[in-house]
>>> print(open('upload15.tsv').read())   # TSV, C-alpha atoms
chain	number	residue	atom	x	y	z
A	7	MET	CA	-29.78	1.84	-46.04
A	8	ALA	CA	-26.69	3.81	-45.39
A	9	ALA	CA	-26.12	5.36	-42.02
A	10	THR	CA	-25.59	9.06	-41.96
A	11	PRO	CA	-22.95	10.48	-39.60
A	12	ARG	CA	-24.33	12.44	-36.69
A	13	GLN	CA	-22.96	15.64	-35.25
A	14	ASP	CA	-22.61	13.99	-31.78
A	15	ASP	CA	-19.83	11.66	-32.99
A	16	ALA	CA	-17.22	14.39	-32.93
A	17	ILE	CA	-13.93	13.76	-31.15
A	18	ILE	CA	-13.85	14.90	-27.54
A	19	SER	CA	-11.05	17.43	-27.32
A	20	GLY	CA	-11.19	18.18	-23.55
A	21	ILE	CA	-11.22	16.16	-20.36
A	22	ASN	CA	-13.56	16.94	-17.51
A	23	VAL	CA	-11.28	17.13	-14.46
A	24	THR	CA	-13.98	17.94	-11.92
A	25	PRO	CA	-14.47	14.31	-10.79
A	26	LEU	CA	-10.70	13.87	-10.48
A	27	VAL	CA	-10.41	16.97	-8.28
A	28	ASP	CA	-13.34	15.80	-6.13
A	29	ILE	CA	-11.77	12.40	-5.55
A	30	THR	CA	-8.38	13.96	-4.78
A	31	LEU	CA	-9.87	16.32	-2.20
A	32	VAL	CA	-11.81	13.51	-0.51
A	33	LEU	CA	-8.65	11.38	-0.29
A	34	LEU	CA	-6.71	14.33	1.10
A	35	ILE	CA	-9.31	14.87	3.82
A	36	ILE	CA	-9.26	11.17	4.71
A	37	PHE	CA	-5.46	11.19	5.01
A	38	ILE	CA	-5.48	14.32	7.18
A	39	VAL	CA	-8.10	12.91	9.55
A	40	THR	CA	-6.50	9.48	9.90
A	41	ALA	CA	-2.96	10.85	10.27
A	42	LYS	CA	-3.73	11.97	13.84
A	43	LEU	CA	-5.25	8.61	14.74
A	44	ILE	CA	-2.31	6.54	13.56
A	45	VAL	CA	0.58	6.74	15.97
A	46	ALA	CA	3.64	4.66	15.28
A	47	PRO	CA	6.31	4.84	17.95
A	48	ALA	CA	9.55	6.18	16.55
A	49	LEU	CA	11.51	4.20	19.11
A	50	PRO	CA	11.41	0.44	19.53
A	51	LEU	CA	9.88	-0.19	22.95
A	52	ASP	CA	9.33	-3.42	24.82
A	53	LEU	CA	5.86	-2.55	26.16
A	54	PRO	CA	4.26	-4.66	28.87
A	55	ARG	CA	1.18	-6.69	28.07
A	56	ALA	CA	-2.20	-6.02	29.71
A	57	SER	CA	-5.36	-8.11	29.62
A	58	GLN	CA	-7.58	-5.01	29.59
A	59	ALA	CA	-5.67	-2.83	27.08
A	60	GLN	CA	-7.86	-0.42	25.14
A	61	ALA	CA	-7.09	1.69	22.09
A	62	GLN	CA	-6.94	5.40	22.93
A	63	GLN	CA	-6.70	8.40	20.68
A	64	VAL	CA	-3.24	9.70	21.48
A	65	VAL	CA	-2.90	13.44	21.58
A	66	PHE	CA	0.29	13.77	23.64
A	67	SER	CA	2.55	10.72	23.44
A	68	VAL	CA	5.53	10.36	25.78
A	69	SER	CA	7.93	7.51	24.95
A	70	ILE	CA	10.48	6.43	27.55
A	71	PRO	CA	13.07	4.09	26.04
A	72	ALA	CA	15.44	2.09	28.23
A	73	ASN	CA	18.75	3.77	27.42
A	74	GLU	CA	17.89	6.92	25.49
A	75	ALA	CA	16.35	10.34	26.08
A	76	LEU	CA	12.58	10.35	26.19
A	77	SER	CA	10.58	11.70	23.27
A	78	VAL	CA	7.29	13.55	22.95
A	79	ASN	CA	5.29	12.94	19.76
A	80	GLY	CA	8.49	11.76	18.06
A	81	GLU	CA	10.66	14.72	19.15
A	82	THR	CA	13.57	14.10	21.51
A	83	VAL	CA	13.24	15.90	24.85
A	84	THR	CA	16.50	16.82	26.57
A	85	ASP	CA	15.35	18.02	30.00
A	86	ASP	CA	12.39	18.28	32.36
A	87	ARG	CA	11.67	21.93	31.57
A	88	GLN	CA	11.28	21.13	27.87
A	89	LEU	CA	8.83	18.31	28.68
A	90	MET	CA	6.75	20.60	30.89
A	91	ARG	CA	6.78	23.37	28.26
A	92	LEU	CA	5.60	20.96	25.55
A	93	ALA	CA	2.86	19.63	27.85
A	94	LYS	CA	1.65	23.13	28.73
A	95	ASP	CA	1.65	24.16	25.04
A	96	ALA	CA	-0.36	21.06	24.12
A	97	LEU	CA	-2.75	21.75	27.00
A	98	VAL	CA	-3.36	25.26	25.67
A	99	ARG	CA	-4.18	23.85	22.21
A	100	GLU	CA	-6.38	21.03	23.55
A	101	ALA	CA	-8.25	21.61	26.81
A	102	ALA	CA	-9.16	17.91	27.20
A	103	LEU	CA	-5.60	16.75	26.56
A	104	ARG	CA	-4.90	13.03	26.86
A	105	ALA	CA	-1.34	11.94	27.50
A	106	VAL	CA	-0.08	8.40	26.96
A	107	ILE	CA	3.16	7.27	28.58
A	108	ALA	CA	4.76	4.37	26.71
A	109	ALA	CA	7.67	3.12	28.80
A	110	ASP	CA	10.01	0.30	27.88
A	111	GLY	CA	9.82	-2.68	30.24
A	112	ALA	CA	13.43	-2.12	31.33
A	113	VAL	CA	12.81	1.47	32.47
A	114	PRO	CA	13.04	1.93	36.26
A	115	HIS	CA	9.72	2.65	37.96
A	116	ARG	CA	11.04	5.91	39.47
A	117	ARG	CA	11.70	7.32	35.98
A	118	VAL	CA	8.11	6.64	34.90
A	119	ILE	CA	6.74	8.20	38.11
A	120	HIS	CA	8.99	11.23	37.57
A	121	VAL	CA	7.55	11.76	34.07
A	122	LEU	CA	4.03	11.29	35.46
A	123	ASP	CA	4.72	13.93	38.14
A	124	LEU	CA	6.05	16.36	35.52
A	125	LEU	CA	2.92	15.92	33.38
A	126	GLN	CA	0.66	16.47	36.38
A	127	SER	CA	2.67	19.55	37.39
A	128	ALA	CA	2.13	20.91	33.87
A	129	GLY	CA	-1.64	20.51	34.36
A	130	VAL	CA	-2.30	17.31	32.39
A	131	GLN	CA	-5.11	15.45	34.18
A	132	ARG	CA	-5.79	12.55	31.81
A	133	VAL	CA	-2.84	10.17	31.68
A	134	ALA	CA	-2.79	6.60	30.37
A	135	PHE	CA	-0.03	4.04	30.09
A	136	GLY	CA	0.78	2.33	26.80
A	137	ALA	CA	0.52	-1.46	26.76
A	138	LEU	CA	0.12	-4.21	24.22
A	139	PRO	CA	-2.91	-6.51	24.31
A	140	ALA	CA	-2.34	-9.77	26.17
A	141	GLU	CA	-1.39	-12.78	24.08
A	142	PRO	CA	-4.19	-15.31	23.75
A	143	VAL	CA	-3.88	-18.29	26.06
A	144	ASP	CA	-4.16	-21.71	24.42
A	145	PRO	CA	-6.82	-23.91	26.12
>>> encode(input="upload15.tsv", output="structure tokens")
Amino acid sequence: MAATPRQDDAIISGINVTPLVDITLVLLIIFIVTAKLIVAPALPLDLPRASQAQAQQVVFSVSIPANEALSVNGETVTDDRQLMRLAKDALVREAALRAVIAADGAVPHRRVIHVLDLLQSAGVQRVAFGALPAEPVDP
């Protein structure tokens, strides 16, 4: 009994790229969505620790380092007017804007309060302070 070759055994000369495109688009969407949720401070900050720290979705991040100019979402801010302009622009884009102030532990309290006053003058109502979770205490 000899086997006869079938017509279906022909060499495939093309590749179906539809599944590859689907997977690529899904990965792209995942990266776009998670990119806003992941916020890595561009400046090294010595944040205080808090026992009740909660993760917040950061929309408007203000970093106040000890000896440098403050930054908003990674961009250096040179003066108060620029900070207020950025806050007002962000407030126009997002009505329920959340601002997070991440101040280094060595920053004077008056500087943090000044930034808080500027944000409130710009119309930002929801302000949180960045902190690290408390270290576990050994029993």
>>> atom_distance(input="upload15.tsv", atom1="CA of Gly80 in chain A", atom2="CA of Ala134 in chain A")
17.5 Å
>>> closest_residue(input="upload15.tsv", among="A:Ile35, A:Val98, A:Ala109, A:Ile119", to="Leu138 in chain A", atoms="only C-alpha atoms")
A:Ala109
>>> atom_distance(input="upload15.tsv", atom1="CA of Arg99 in chain A", atom2="CA of Asp123 in chain A")
20.8 Å
>>> atom_distance(input="upload15.tsv", atom1="CA of Arg104 in chain A", atom2="CA of Pro142 in chain A")
28.5 Å
>>> closest_residue(input="upload15.tsv", among="A:Val27, A:Leu89, A:Leu103, A:Leu97", to="His120 in chain A", atoms="all atoms listed in the file")
A:Leu89
>>> residues_around(input="upload15.tsv", residues="Leu76 in chain A", least_positions_apart="3", cutoff="10 Å", atoms="all atoms listed in the file", output="list in words")
Leu49, Val68, Ser69, Ile70, Pro71, Ala72, Asn73, Gly80, Glu81, Thr82, Val83, Thr84, Asp85, Leu89, Ala108, Ala109 and Val121 of chain A
>>> residues_near_point(input="upload15.tsv", point="(6.9, 17.4, 30.0)", cutoff="9 Å", atoms="only C-alpha atoms", output="PyMOL selection string")
chain A and resi 68+78+83+85-94+121-122+124-128
>>> write_last_selection(input="upload15.tsv", atoms="C-alpha atoms", output="compact mmCIF listing (two decimals), in the frame of the given file")
# COMPACT_ATOMS: atom_id res chain seq x y z
CA VAL A 68 5.53 10.36 25.78
CA VAL A 78 7.29 13.55 22.95
CA VAL A 83 13.24 15.90 24.85
CA ASP A 85 15.35 18.02 30.00
CA ASP A 86 12.39 18.28 32.36
CA ARG A 87 11.67 21.93 31.57
CA GLN A 88 11.28 21.13 27.87
CA LEU A 89 8.83 18.31 28.68
CA MET A 90 6.75 20.60 30.89
CA ARG A 91 6.78 23.37 28.26
CA LEU A 92 5.60 20.96 25.55
CA ALA A 93 2.86 19.63 27.85
CA LYS A 94 1.65 23.13 28.73
CA VAL A 121 7.55 11.76 34.07
CA LEU A 122 4.03 11.29 35.46
CA LEU A 124 6.05 16.36 35.52
CA LEU A 125 2.92 15.92 33.38
CA GLN A 126 0.66 16.47 36.38
CA SER A 127 2.67 19.55 37.39
CA ALA A 128 2.13 20.91 33.87
>>> closest_residue(input="upload15.tsv", among="A:Val130, A:Ile21, A:Ala41, A:Val113", to="Asp95 in chain A", atoms="all atoms listed in the file")
A:Val130
>>> decode(input="upload15.tsv", residues="range 70-129 of chain A", atoms="C-alpha atoms", output="compact mmCIF listing (two decimals), in the first residue's frame")
# COMPACT_ATOMS: atom_id res chain seq x y z
CA ILE A 70 10.68 69.52 45.93
CA PRO A 71 14.32 68.46 46.32
CA ALA A 72 16.50 69.85 49.09
CA ASN A 73 18.94 71.96 47.10
CA GLU A 74 17.53 72.17 43.58
CA ALA A 75 14.66 73.80 41.71
CA LEU A 76 11.35 72.01 42.06
CA SER A 77 9.97 69.96 39.20
CA VAL A 78 6.49 69.22 37.91
CA ASN A 79 5.97 65.84 36.23
CA GLY A 80 9.72 65.64 35.62
CA GLU A 81 10.09 69.15 34.15
CA THR A 82 12.14 71.73 36.04
CA VAL A 83 10.12 74.76 37.17
CA THR A 84 12.06 78.01 37.50
CA ASP A 85 9.54 80.34 39.17
CA ASP A 86 6.16 80.53 40.88
CA ARG A 87 4.32 81.82 37.81
CA GLN A 88 5.42 78.80 35.78
CA LEU A 89 4.18 76.44 38.52
CA MET A 90 0.80 78.17 38.63
CA ARG A 91 0.53 78.15 34.82
CA LEU A 92 1.28 74.41 34.68
CA ALA A 93 -1.25 73.74 37.45
CA LYS A 94 -3.96 75.77 35.70
CA ASP A 95 -3.26 74.03 32.37
CA ALA A 96 -3.48 70.61 34.04
CA LEU A 97 -6.70 71.67 35.77
CA VAL A 98 -8.22 72.60 32.41
CA ARG A 99 -7.32 69.15 31.00
CA GLU A 100 -8.51 67.25 34.10
CA ALA A 101 -11.35 68.75 36.14
CA ALA A 102 -10.79 66.36 39.08
CA LEU A 103 -7.04 67.03 39.17
CA ARG A 104 -5.05 65.37 41.94
CA ALA A 105 -1.73 66.89 42.91
CA VAL A 106 0.94 65.09 44.91
CA ILE A 107 3.69 67.05 46.62
CA ALA A 108 6.80 64.93 47.21
CA ALA A 109 9.18 66.97 49.35
CA ASP A 110 12.61 65.87 50.50
CA GLY A 111 12.92 65.52 54.28
CA ALA A 112 15.49 68.34 54.39
CA VAL A 113 13.18 70.88 52.72
CA PRO A 114 12.04 73.67 55.07
CA HIS A 115 8.36 73.55 56.02
CA ARG A 116 7.76 77.08 54.70
CA ARG A 117 8.83 76.02 51.19
CA VAL A 118 6.31 73.16 51.17
CA ILE A 119 3.54 75.44 52.45
CA HIS A 120 4.44 78.01 49.77
CA VAL A 121 4.05 75.37 47.03
CA LEU A 122 0.76 74.24 48.60
CA ASP A 123 -0.50 77.85 48.60
CA LEU A 124 0.48 78.27 44.94
CA LEU A 125 -1.41 75.10 43.96
CA GLN A 126 -4.50 76.22 45.86
CA SER A 127 -4.29 79.68 44.27
CA ALA A 128 -4.23 77.96 40.86
CA GLY A 129 -7.48 76.18 41.77
